[in-house]
$ cat work.cif   # mmCIF, C-alpha atoms
data_entry
loop_
_atom_site.label_atom_id
_atom_site.label_comp_id
_atom_site.auth_asym_id
_atom_site.auth_seq_id
_atom_site.Cartn_x
_atom_site.Cartn_y
_atom_site.Cartn_z
CA MET F 1 31.49 -19.90 -5.43
CA LYS F 2 28.66 -22.34 -6.20
CA TYR F 3 27.34 -21.98 -2.63
CA LEU F 4 27.43 -18.20 -2.99
CA ILE F 5 25.38 -18.36 -6.20
CA ILE F 6 22.76 -20.58 -4.52
CA GLN F 7 22.65 -18.30 -1.48
CA ARG F 8 22.32 -15.28 -3.71
CA THR F 9 19.49 -16.84 -5.75
CA VAL F 10 17.50 -17.90 -2.67
CA PHE F 11 17.98 -14.44 -1.18
CA CYS F 12 16.60 -12.75 -4.31
CA LEU F 13 13.64 -15.13 -4.61
CA LEU F 14 12.66 -14.32 -1.03
CA LEU F 15 12.96 -10.63 -1.84
CA ILE F 16 10.49 -11.06 -4.72
CA ILE F 17 7.87 -12.17 -2.20
CA ILE F 18 8.81 -9.51 0.33
CA PHE F 19 8.97 -6.72 -2.24
CA SER F 20 5.62 -7.60 -3.80
CA GLY F 21 3.83 -7.93 -0.48
CA GLU F 22 5.17 -4.90 1.38
CA VAL F 23 4.01 -1.91 -0.63
CA ILE F 24 4.02 1.56 0.85
CA SER F 25 0.48 2.93 0.67
CA GLY F 26 -0.40 6.46 -0.33
CA ILE F 27 -3.02 9.13 -1.13
CA THR F 28 -5.55 8.66 1.64
CA ALA F 29 -9.12 9.50 0.66
CA ASP F 30 -11.74 9.92 3.41
CA ALA F 31 -10.42 6.79 5.07
CA GLY F 32 -12.55 7.25 8.19
CA LEU F 33 -15.75 7.65 6.19
CA THR F 34 -17.70 5.22 3.99
CA PRO F 35 -19.41 5.53 0.58
CA ALA F 36 -23.14 6.13 0.50
CA LEU F 37 -25.55 3.21 0.38
CA ASP F 38 -25.61 1.41 -3.00
CA ARG F 39 -22.74 3.52 -4.35
CA TRP F 40 -19.76 1.95 -6.10
CA MET F 41 -16.18 3.19 -6.08
CA ILE F 42 -13.49 2.00 -8.52
CA ARG F 43 -9.88 2.96 -7.89
CA THR F 44 -6.71 2.05 -9.75
CA GLN F 45 -3.12 3.26 -9.72
CA ILE F 46 0.19 2.82 -11.50
CA ARG F 47 2.88 2.51 -8.82
CA TYR F 48 6.60 2.65 -9.52
CA MET F 49 8.67 0.87 -6.86
CA HIS F 50 12.48 0.88 -6.66
CA ARG F 51 15.01 -0.70 -4.31
CA ASP F 52 18.75 -0.61 -4.84
CA GLY F 53 21.94 -1.44 -2.92
CA ASP F 54 24.90 -3.77 -2.61
CA SER F 55 24.26 -7.20 -1.15
CA MET F 56 27.13 -9.55 -0.30
CA THR F 57 29.49 -7.12 -2.12
CA MET F 58 27.45 -7.51 -5.33
CA PRO F 59 24.87 -5.15 -6.87
CA ASN F 60 21.23 -5.88 -6.18
CA GLU F 61 18.47 -3.81 -7.72
CA MET F 62 14.72 -4.25 -8.10
CA LYS F 63 12.32 -2.13 -10.12
CA SER F 64 8.62 -2.78 -10.36
CA PHE F 65 5.42 -1.40 -11.79
CA MET F 66 2.34 -2.38 -9.81
CA VAL F 67 -1.27 -1.81 -10.86
CA PRO F 68 -3.73 -2.38 -8.00
CA LEU F 69 -7.47 -2.35 -8.72
CA VAL F 70 -9.89 -1.71 -5.84
CA VAL F 71 -13.67 -2.07 -6.16
CA ALA F 72 -15.75 -0.87 -3.19
CA TYR F 73 -19.51 -1.00 -2.58
CA GLY F 74 -21.69 0.68 0.04
CA LEU F 75 -23.53 -2.39 1.32
CA ARG F 76 -25.12 -0.46 4.17
CA PRO F 77 -24.95 3.24 5.18
CA GLU F 78 -22.18 2.37 7.64
CA LEU F 79 -20.61 -0.67 5.94
CA THR F 80 -18.38 -0.84 2.86
CA ILE F 81 -17.04 -4.03 1.30
CA MET F 82 -13.92 -3.90 -0.89
CA VAL F 83 -11.96 -6.23 -3.15
CA ARG F 84 -8.38 -5.56 -4.27
CA GLN F 85 -6.37 -7.32 -6.98
CA VAL F 86 -2.89 -6.23 -8.09
CA TYR F 87 -0.82 -6.92 -11.20
CA ILE F 88 2.97 -6.77 -10.79
CA ASP F 89 5.75 -6.42 -13.36
CA MET F 90 9.20 -6.70 -11.78
CA ASP F 91 12.80 -6.54 -13.01
CA MET F 92 15.70 -7.67 -10.83
CA THR F 93 19.46 -7.43 -11.34
CA MET F 94 21.63 -9.98 -9.54
CA MET F 95 24.96 -11.75 -9.90
CA SER F 96 23.64 -14.44 -12.22
CA GLY F 97 22.05 -11.83 -14.51
CA ASP F 98 18.71 -10.16 -14.92
CA ARG F 99 15.47 -11.74 -13.77
CA LYS F 100 11.98 -10.71 -14.77
CA GLU F 101 8.73 -11.70 -13.06
CA SER F 102 5.17 -10.62 -13.81
CA GLY F 103 1.72 -11.75 -12.77
CA PHE F 104 -1.14 -11.28 -10.34
CA GLY F 105 -0.72 -11.07 -6.58
CA ASP F 106 -3.00 -12.38 -3.86
CA LEU F 107 -6.67 -11.35 -3.67
CA LEU F 108 -7.61 -9.11 -0.73
CA VAL F 109 -11.22 -8.88 0.53
CA MET F 110 -11.96 -6.17 3.12
CA ALA F 111 -14.83 -4.62 5.07
CA LYS F 112 -14.78 -1.08 6.49
CA TYR F 113 -17.34 -0.14 9.16
CA ARG F 114 -18.21 3.46 10.01
CA ALA F 115 -18.12 3.22 13.79
CA PHE F 116 -18.53 6.95 14.44
CA ARG F 117 -19.38 10.04 12.43
CA HIS F 118 -20.12 13.55 13.64
CA ASN F 119 -21.33 16.25 11.28
CA SER F 120 -21.63 19.93 12.12
CA SER F 121 -21.94 23.10 10.08
CA TYR F 122 -18.18 23.58 10.46
CA SER F 123 -16.61 20.12 10.35
CA THR F 124 -16.95 16.37 9.82
CA PHE F 125 -15.24 13.71 11.91
CA GLY F 126 -15.30 9.96 11.22
CA VAL F 127 -13.76 6.76 12.56
CA ALA F 128 -13.86 3.48 10.64
CA PRO F 129 -12.17 0.18 11.57
CA LEU F 130 -11.22 -2.26 8.82
CA LEU F 131 -10.92 -6.04 8.66
CA GLY F 132 -9.66 -8.00 5.68
CA ILE F 133 -8.33 -11.38 4.55
CA GLU F 134 -5.84 -11.90 1.74
CA PHE F 135 -6.21 -15.22 -0.04
CA PRO F 136 -3.19 -17.09 -1.54
CA THR F 137 -4.44 -16.84 -5.12
CA GLY F 138 -1.41 -15.09 -6.63
CA GLN F 139 1.12 -16.53 -9.00
CA LYS F 140 4.10 -18.36 -7.52
CA ALA F 141 6.46 -15.38 -7.37
CA PHE F 142 3.89 -13.11 -5.74
CA THR F 143 2.20 -15.17 -3.04
CA GLY F 144 3.12 -15.98 0.54
CA ASN F 145 1.31 -19.36 0.28
CA GLY F 146 -0.86 -18.56 3.29
CA TYR F 147 -3.82 -16.45 4.40
CA ASN F 148 -3.04 -12.93 5.60
CA LEU F 149 -5.11 -10.99 8.15
CA LYS F 150 -5.36 -7.22 7.79
CA THR F 151 -6.77 -4.98 10.53
CA GLY F 152 -6.82 -1.24 10.97
CA THR F 153 -8.53 1.93 12.13
CA PHE F 154 -8.99 4.98 9.91
CA VAL F 155 -9.75 8.48 11.15
CA THR F 156 -10.84 11.43 8.98
CA TRP F 157 -11.37 15.08 9.93
CA ARG F 158 -12.65 17.82 7.64
CA LYS F 159 -13.05 21.51 8.33
CA GLY F 160 -13.85 23.82 5.47
CA TYR F 161 -11.29 23.26 2.75
CA TRP F 162 -8.89 21.42 5.07
CA LYS F 163 -8.83 17.64 5.52
CA SER F 164 -6.68 15.29 7.57
CA ASP F 165 -6.47 11.49 7.73
CA VAL F 166 -4.72 9.15 10.15
CA ASN F 167 -4.62 5.49 9.09
CA VAL F 168 -3.18 2.74 11.31
CA THR F 169 -3.04 -0.82 9.97
CA TYR F 170 -1.47 -4.12 11.00
CA THR F 171 -1.09 -7.09 8.67
CA LEU F 172 -0.38 -10.58 9.99
CA ASN F 173 0.98 -12.59 7.08
CA GLY F 174 0.64 -16.37 7.15
CA PHE F 175 -1.76 -16.55 10.10
CA ALA F 176 -3.35 -19.64 8.47
CA GLY F 177 -2.70 -21.95 5.56
CA GLY F 178 -0.61 -24.94 4.58
CA ASP F 179 3.13 -25.61 4.63
CA ASP F 180 5.70 -23.15 3.31
CA LYS F 181 3.56 -20.15 4.20
CA GLU F 182 5.38 -16.88 4.74
CA GLN F 183 4.86 -15.44 8.25
CA ASN F 184 5.59 -11.94 9.47
CA GLY F 185 3.87 -8.81 10.74
CA ILE F 186 3.63 -5.36 9.12
CA PHE F 187 2.66 -2.22 11.03
CA GLU F 188 1.92 0.94 9.08
CA MET F 189 0.78 4.42 10.10
CA ILE F 190 0.01 7.23 7.64
CA ALA F 191 -0.85 10.80 8.67
CA SER F 192 -1.87 13.23 5.96
CA VAL F 193 -3.12 16.78 5.53
CA SER F 194 -4.55 18.46 2.44
CA ARG F 195 -6.18 21.74 1.43
CA GLN F 196 -8.71 22.09 -1.39
CA PHE F 197 -8.80 25.01 -3.83
CA GLY F 198 -11.91 25.36 -5.97
CA PHE F 199 -11.97 26.77 -9.50
CA GLY F 200 -14.14 26.76 -12.58
CA ALA F 201 -17.88 27.44 -12.82
CA ASN F 202 -19.42 27.08 -9.36
CA ALA F 203 -16.08 25.65 -8.18
CA ARG F 204 -16.97 22.25 -9.62
CA ASN F 205 -13.26 21.45 -9.94
CA THR F 206 -10.88 21.31 -6.99
CA LEU F 207 -7.12 20.93 -6.67
CA ALA F 208 -5.75 19.70 -3.34
CA PRO F 209 -2.03 19.63 -2.43
CA VAL F 210 -1.38 16.69 -0.08
CA VAL F 211 1.45 15.86 2.31
CA GLU F 212 1.71 12.39 3.88
CA LEU F 213 4.02 11.12 6.60
CA THR F 214 4.40 7.33 6.67
CA TYR F 215 6.00 5.01 9.21
CA LYS F 216 6.24 1.32 8.40
CA ASN F 217 7.79 -1.57 10.32
CA SER F 218 8.07 -5.15 9.06
CA THR F 219 9.27 -8.03 11.20
CA GLU F 220 11.56 -10.78 9.96
CA THR F 221 9.96 -13.28 7.59
CA GLU F 222 9.68 -16.85 8.82
CA ILE F 223 9.01 -19.94 6.66
CA ASN F 224 8.54 -23.36 8.30
CA GLY F 225 10.03 -22.07 11.54
CA VAL F 226 13.18 -20.72 9.86
CA LYS F 227 13.75 -16.98 9.96
CA ASN F 228 15.20 -15.14 7.00
CA VAL F 229 17.85 -12.84 8.49
CA ASN F 230 17.74 -10.76 5.30
CA SER F 231 14.18 -9.59 5.93
CA GLY F 232 12.41 -7.09 8.13
CA GLU F 233 12.86 -3.34 8.05
CA SER F 234 11.66 0.06 9.25
CA ILE F 235 11.12 3.12 7.06
CA ILE F 236 9.86 6.70 7.34
CA GLN F 237 8.72 8.54 4.23
CA ILE F 238 7.50 12.04 3.43
CA SER F 239 5.21 12.11 0.41
CA PRO F 240 4.02 15.27 -1.35
CA GLY F 241 1.21 14.90 -3.83
CA LEU F 242 -1.78 16.40 -5.63
CA LYS F 243 -5.44 15.45 -6.02
CA PHE F 244 -7.61 16.87 -8.79
CA THR F 245 -11.37 16.41 -8.44
CA HIS F 246 -14.03 16.89 -11.11
CA ASN F 247 -17.52 15.88 -10.01
CA SER F 248 -17.14 12.23 -8.94
CA THR F 249 -13.72 11.65 -10.55
CA ILE F 250 -10.42 12.08 -8.71
CA LEU F 251 -6.94 12.03 -10.25
CA GLU F 252 -4.08 11.57 -7.79
CA PHE F 253 -0.31 11.86 -7.92
CA LEU F 254 2.22 11.16 -5.15
CA ILE F 255 6.00 10.97 -4.73
CA ASN F 256 7.41 8.90 -1.84
CA ILE F 257 10.69 10.25 -0.41
CA PRO F 258 12.50 8.01 2.12
CA VAL F 259 13.94 10.14 4.93
CA TRP F 260 15.04 7.28 7.22
CA GLN F 261 15.22 3.51 6.84
CA GLU F 262 16.88 0.52 8.45
CA GLN F 263 17.00 -2.99 6.97
CA ASN F 264 17.96 -6.25 8.64
CA GLY F 265 20.85 -8.19 7.11
CA ASN F 266 21.75 -7.54 3.47
CA GLN F 267 18.83 -5.84 1.76
CA PRO F 268 18.56 -3.10 -0.85
CA GLU F 269 17.21 0.25 0.34
CA TRP F 270 14.07 1.97 -0.84
CA LYS F 271 14.66 4.74 -3.35
CA LEU F 272 12.39 7.48 -4.68
CA THR F 273 9.05 5.97 -5.74
CA GLY F 274 5.74 7.35 -6.92
CA LEU F 275 2.24 6.69 -8.18
CA PHE F 276 -0.48 8.04 -10.43
CA GLY F 277 -4.07 6.98 -9.96
CA ILE F 278 -7.73 7.56 -10.71
CA ARG F 279 -10.78 7.10 -8.47
CA GLN F 280 -14.36 7.06 -9.76
CA MET F 281 -17.60 7.11 -7.77
CA LEU F 282 -20.55 5.48 -9.56
#
$ encode --input "work.cif" --output "structure tokens"
Amino acid sequence: MKYLIIQRTVFCLLLIIIFSGEVISGITADAGLTPALDRWMIRTQIRYMHRDGDSMTMPNEMKSFMVPLVVAYGLRPELTIMVRQVYIDMDMTMMSGDRKESGFGDLLVMAKYRAFRHNSSYSTFGVAPLLGIEFPTGQKAFTGNGYNLKTGTFVTWRKGYWKSDVNVTYTLNGFAGGDDKEQNGIFEMIASVSRQFGFGANARNTLAPVVELTYKNSTETEINGVKNVNSGESIIQISPGLKFTHNSTILEFLINIPVWQEQNGNQPEWKLTGLFGIRQML
């Protein structure tokens, strides 16, 4: 019984790191384009995350509120630099009782480069690769103790009131750093489509229904050469949402609905999650 308690505790502590680091993204916004020169963008969200399921014949549930803050700046007409910091508040239920963790996660610094943009009287098309590094600055429960490398390519297409985004990213966790760093890879692809409807004087306000399709695959986590068999998963989600725009302010709402998922070992499954956010151009 004592061994089972220890095994259970270690399993849940690892899941704290995994759960905090592997967040399903959502609400794409002109991902293949870049802000204008010398323009600032501030974006924040309140994300509700939920995983639940039986592990080793005992209940295992995790609920979390996450508040990411992204600040972006148009350094050059084709180059945007971004910084992201996230605050996490998490509740876990396990055999030994309830566990609560809260604090800041690792700091992510990114650069997005507008590699291609074509404008016509009918449409706009843009492609922008991204490169970022996540630094192990987070509190103990929310850091992988190593540097993470994030790469990706974002594509945006607009035609009239219609817009579509395809975002493909790959994160290599623990590519550098000291001992006890968490190592694994995360591949994510998001395809979205939205349609704007203008209203108000001179159609200054717009409402855009959004539908996103997300595929995400995470490999098993490895620490000091030892793989955690209760890590790694694949998931497909369909996410309906809304974006309301007034001048340079955007309010966004999204619900993530898992339609297929597969976890390695004994892990809780993703349940219905969602987010509410605001984006401001300065």
$ residues_around --input "work.cif" --residues "segment 83-97 of chain F" --least-positions-apart "5" --cutoff "6 Å" --atoms "only C-alpha atoms" --output "list in words"
Asn60, Glu61, Met62, Lys63, Ser64, Phe65, Met66, Val67, Pro68, Leu69, Val70, Val71, Ser102, Gly103, Phe104, Gly105, Leu107, Leu108 and Val109 of chain F
$ atom_distance --input "work.cif" --atom1 "atom CA of Pro129 of chain F" --atom2 "atom CA of Lys159 of chain F"
21.6 Å
$ resolve_selection --input "work.cif" --expression "the PyMOL selection byres ((chain F and resi 38) around 7)" --output "PyMOL selection string"
chain F and resi 36-37+39-40+73-75
$ residues_around --input "work.cif" --residues "Ala176 of chain F" --least-positions-apart "4" --cutoff "9 Å" --atoms "all atoms listed in the file" --output "number ranges by chain"
F: 146-149, 181
$ closest_residue --input "work.cif" --among "F:Ser231, F:Ser218, F:Gly144, F:Ala72" --to "Ile42 of chain F" --atoms "only C-alpha atoms"
F:Ala72
$ resolve_selection --input "work.cif" --expression "the PyMOL selection byres ((chain F and resi 164-172) around 9)" --output "ChimeraX atom specification"
/F:28-32,130,147-159,162-163,173-175,183-195
$ write_last_selection --input "work.cif" --atoms "C-alpha atoms" --output "tab-separated table (two decimals), in the frame of the given file"
chain	number	residue	atom	x	y	z
F	28	THR	CA	-5.55	8.66	1.64
F	29	ALA	CA	-9.12	9.50	0.66
F	30	ASP	CA	-11.74	9.92	3.41
F	31	ALA	CA	-10.42	6.79	5.07
F	32	GLY	CA	-12.55	7.25	8.19
F	130	LEU	CA	-11.22	-2.26	8.82
F	147	TYR	CA	-3.82	-16.45	4.40
F	148	ASN	CA	-3.04	-12.93	5.60
F	149	LEU	CA	-5.11	-10.99	8.15
F	150	LYS	CA	-5.36	-7.22	7.79
F	151	THR	CA	-6.77	-4.98	10.53
F	152	GLY	CA	-6.82	-1.24	10.97
F	153	THR	CA	-8.53	1.93	12.13
F	154	PHE	CA	-8.99	4.98	9.91
F	155	VAL	CA	-9.75	8.48	11.15
F	156	THR	CA	-10.84	11.43	8.98
F	157	TRP	CA	-11.37	15.08	9.93
F	158	ARG	CA	-12.65	17.82	7.64
F	159	LYS	CA	-13.05	21.51	8.33
F	162	TRP	CA	-8.89	21.42	5.07
F	163	LYS	CA	-8.83	17.64	5.52
F	173	ASN	CA	0.98	-12.59	7.08
F	174	GLY	CA	0.64	-16.37	7.15
F	175	PHE	CA	-1.76	-16.55	10.10
F	183	GLN	CA	4.86	-15.44	8.25
F	184	ASN	CA	5.59	-11.94	9.47
F	185	GLY	CA	3.87	-8.81	10.74
F	186	ILE	CA	3.63	-5.36	9.12
F	187	PHE	CA	2.66	-2.22	11.03
F	188	GLU	CA	1.92	0.94	9.08
F	189	MET	CA	0.78	4.42	10.10
F	190	ILE	CA	0.01	7.23	7.64
F	191	ALA	CA	-0.85	10.80	8.67
F	192	SER	CA	-1.87	13.23	5.96
F	193	VAL	CA	-3.12	16.78	5.53
F	194	SER	CA	-4.55	18.46	2.44
F	195	ARG	CA	-6.18	21.74	1.43
$ closest_residue --input "work.cif" --among "F:Val229, F:Asn217, F:Phe244, F:Glu222" --to "Trp260 of chain F" --atoms "all atoms listed in the file"
F:Asn217
$ closest_residue --input "work.cif" --among "F:Ser123, F:Asn247, F:Asn256, F:Thr34" --to "His50 of chain F" --atoms "only C-alpha atoms"
F:Asn256
$ resolve_selection --input "work.cif" --expression "the PyMOL selection byres ((chain F and resi 248) around 9)" --output "list in words"
Thr245, His246, Asn247, Thr249, Ile250, Arg279, Gln280, Met281 and Leu282 of chain F
$ atom_distance --input "work.cif" --atom1 "atom CA of Gln267 of chain F" --atom2 "atom CA of Asp52 of chain F"
8.4 Å
$ atom_distance --input "work.cif" --atom1 "atom CA of Pro240 of chain F" --atom2 "atom CA of Pro209 of chain F"
7.5 Å
$ closest_residue --input "work.cif" --among "F:Gly200, F:Gly241, F:Pro35, F:Gly53" --to "Pro268 of chain F" --atoms "only C-alpha atoms"
F:Gly53
